[in-house]
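Notes follow the structure.
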There are 2 protein chains.
Amino acid sequence: MFKKVCIIGCGLIGSSIARAIKKNKLAGKVVSSNRTKETNKKIIKLNIVDEASSDVKKEVRDSDLIIIATPLSSYRNIILKIKNSLKNGAILTDVGSVKKKAIYVIEKNIPKNVSWISSHPIAGTEESGPESGFSQLFKNKWCILTPGKHSEIKEVKLLEKFWKKIGSKVDIMNAKQHDYILSITSHLPHLIAYNIVNTTLQINKKKYNIVKYSAGGLRDFTRIAASNPIMWRDIFIQNKENTSKMIDKFIKNLKDLKKIINSKNEKKLQTIFTKTKKIRKEIIKAGQDINKPDFGRK
Amino acid sequence: MFKKVCIIGCGLIGSSIARAIKKNKLAGKVVSSNRTKETNKKIIKLNIVDEASSDVKKEVRDSDLIIIATPLSSYRNIILKIKNSLKNGAILTDVGSVKKKAIYVIEKNIPKNVSWISSHPIAGTEESGPESGFSQLFKNKWCILTPGKHSEIKEVKLLEKFWKKIGSKVDIMNAKQHDYILSITSHLPHLIAYNIVNTTLQINKKKYNIVKYSAGGLRDFTRIAASNPIMWRDIFIQNKENTSKMIDKFIKNLKDLKKIINSKNEKKLQTIFTKTKKIRKEIIKAGQDINKPDFGRK
């Protein structure tokens, strides 16, 4: 499919893409550039990529597809470094969870002979680093493409085909719409999980047995709140307008719930809790989870 | 262990206890009382209990152990109905998630020749009803006992042995402590899950593809928010003082997080998100979850 693919940043997502490329034989050569020597050594040793170094200019050279898989805050530095080393006709993409700002910084700097199409594979685990990646990570997961101003249909189709070959289902969306939808389906849930675990930590200073009894609900939030801190720091800051709006809506509703509880309004409470069951059924129907209880893993 | 055990309310928890009793041969006879004919018929047909009817007075008669496994709001009615039919020397327990109010209503009404010891098995799934129960539900899960004012050590030991025989680990705690710890480890997380799903429903009215992209975090909250509405309605109302306090702490912290995000304070955000990873490690160390990523189930 491609002669040479370069993955900038071989963490959980980057290394999973590299593995999936190799497994499905989608490139003649897969190379990678990472800041640290350790990572570059490790991914060669683990046979995740064919070549790796911290010289990003060298690695992107002659690549037909370049995938930025680093935290959002590094995009500016990366595009400034690689812009003059990109191959004529190459496709540049990323895997970032926020689009508007990412697209702006890249479109401002990209040469005209390179096609910029942003990607967002909605896949991941709470783990980080190249050891935690696996080739099946994208299987049956959605990947949202956000073409740049100057991307051509032919190239969008090619990138779409690439994501499908590694297992994804593909949708196309503009940056504004993407950032709004993801702020409710992903960013707010993560922030809430971080916040509940943080609140617990404050209480736990008094040495209650909170960890011991976490199976009653808290446990599931700690899994989400164990996600990559730098990645999530960047997501919230780069999508702060939407995140703020969602926080406000969430707090308003939580205050309403508190009032309903304190006034012992059984009927109203039951109505709300019955409604929330509905969306679960829709999620199962949409194949995003299974209709099987989760009672903790052992 | 017991000649006759009576389970009042054969839902997820009640039917799991009945199954575990049968599997481990802990009683000569297991009977149950449920409001509806359908449930009584179903649990006999499924061979979960030996006898079942809606006549709760009849079912509790001659029982050595009586387990109330109905929503908290039904306790008053139940104790008033059964108080004069309880066997001399019987043990009465429950499986409720809030203790203080439950204990009050029962201790006020219980005859002196019956031992009241409250139980809380911290186990469950998002499913409800007798079909969803299974005998292994309590395996390696904590069960908290809260002895009543007049319970004797001998009887507490016997009930402890019973929970251990069906797989639980047992701790003893007073009602106040129980309700405080559970409000942070279980009640607040459930309320937050209900609230985020409720917030999503409001936004989804505008027909965004929220369900489709729920794998990015929201999905895991919808599972928790699909729990039994009546059971949770009662929990929040009966533990409203602690729940209110926790909501206030949670909102305060969320507002702080919002400020940190809007001021683009990268360092502070990263510090918080790094701290929350710590408690995850403690939970895994405590055997409450496993150190294996969860990337959605198929």
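Here's how to read the names in the structure tokens: chain A, B, ... by the order shown, residue numbers from 1 in each chain, ligand numbers from 1 in the order shown.
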
DSSP on the backbone, then: every residue of segment 8-38 of chain A marked helix (DSSP H, G or I), written as a VMD selection string. chain A and resid 12 to 23 37 to 38

Keeping N, CA and C atoms for every residue in the selection just given, could you write it to a file as a compact mmCIF listing (two decimals), in the first residue's frame?
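Writing done, so here's again-v9.txt:
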# COMPACT_ATOMS: atom_id res chain seq x y z
N LEU A 12 1.54 3.79 22.87
CA LEU A 12 0.47 2.79 22.73
C LEU A 12 -0.14 2.80 21.33
N ILE A 13 -0.53 3.99 20.87
CA ILE A 13 -1.20 4.09 19.56
C ILE A 13 -0.21 3.90 18.42
N GLY A 14 0.90 4.63 18.46
CA GLY A 14 1.90 4.54 17.38
C GLY A 14 2.41 3.12 17.19
N SER A 15 2.74 2.45 18.28
CA SER A 15 3.27 1.09 18.16
C SER A 15 2.20 0.10 17.71
N SER A 16 0.94 0.38 18.06
CA SER A 16 -0.14 -0.49 17.59
C SER A 16 -0.33 -0.34 16.09
N ILE A 17 -0.21 0.90 15.60
CA ILE A 17 -0.30 1.12 14.14
C ILE A 17 0.85 0.38 13.45
N ALA A 18 2.07 0.55 13.97
CA ALA A 18 3.23 -0.12 13.37
C ALA A 18 3.02 -1.63 13.32
N ARG A 19 2.57 -2.19 14.42
CA ARG A 19 2.30 -3.63 14.47
C ARG A 19 1.26 -4.04 13.43
N ALA A 20 0.18 -3.24 13.33
CA ALA A 20 -0.90 -3.56 12.40
C ALA A 20 -0.43 -3.45 10.95
N ILE A 21 0.45 -2.49 10.67
CA ILE A 21 1.01 -2.35 9.31
C ILE A 21 1.81 -3.59 8.95
N LYS A 22 2.65 -4.00 9.88
CA LYS A 22 3.49 -5.18 9.63
C LYS A 22 2.64 -6.43 9.45
N LYS A 23 1.68 -6.59 10.34
CA LYS A 23 0.83 -7.78 10.31
C LYS A 23 0.05 -7.88 9.00
N LYS A 37 16.55 7.73 23.15
CA LYS A 37 17.30 6.60 22.62
C LYS A 37 16.68 5.28 23.06
N GLU A 38 16.24 5.24 24.31
CA GLU A 38 15.67 4.01 24.89
C GLU A 38 14.50 3.51 24.05

What's the 6 Å shell around segment 265-272 of chain B, counting only C-alpha atoms, without same-chain residues fewer than 2 positions away, as a VMD selection string? (chain A and resid 229 233) or (chain B and resid 260 263 274 to 275)

Nearest to Leu201 of chain A: which of B:Lys101, B:Arg280, B:Lys41, B:Lys29 is it, counting only C-alpha atoms? B:Arg280

Just the strand (DSSP E) stuff from segment 105-190 of chain A, please, per backbone DSSP, written as a list in words.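 In segment 105-190 of chain A, DSSP puts these residues in strand (DSSP E): Ser115, Trp116, Ile117, Ser118, Ser119, His120, Pro121, Trp142, Cys143, Ile144, Leu145, Thr146, Pro147, Lys169, Val170, Asp171 and Ile172 of chain A.
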
Could you tell me how far atom CA of Val31 of chain B sits from atom CA of Ile117 of chain B, in Å to one decimal place? 19.8 Å

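Nearest residue to chain B, choosing from A:Gln202, A:Ser53, A:Ser151, A:Ser63 and counting only C-alpha atoms: A:Gln202.
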
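Closest approach to chain B from the set A:Ser33, A:Ser135, A:Asn242, A:Thr125 is made by A:Thr125, with distances taken over only C-alpha atoms.
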
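With only C-alpha atoms as the atoms that count, the residue of A:Arg76, A:Lys285, A:Lys277, A:Lys245 with the shortest distance to Glu126 of chain B is A:Lys277.
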
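In this comparison, which uses only C-alpha atoms, the residue of B:His178, B:Lys154, B:Lys161, B:Lys58 approaching Lys100 of chain B most closely is B:His178.
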
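The residue that comes closest to Leu92 of chain A, out of A:Ala52, A:Leu26, A:Ala175, A:Ile67 and on the basis of only C-alpha atoms, is A:Ile67.
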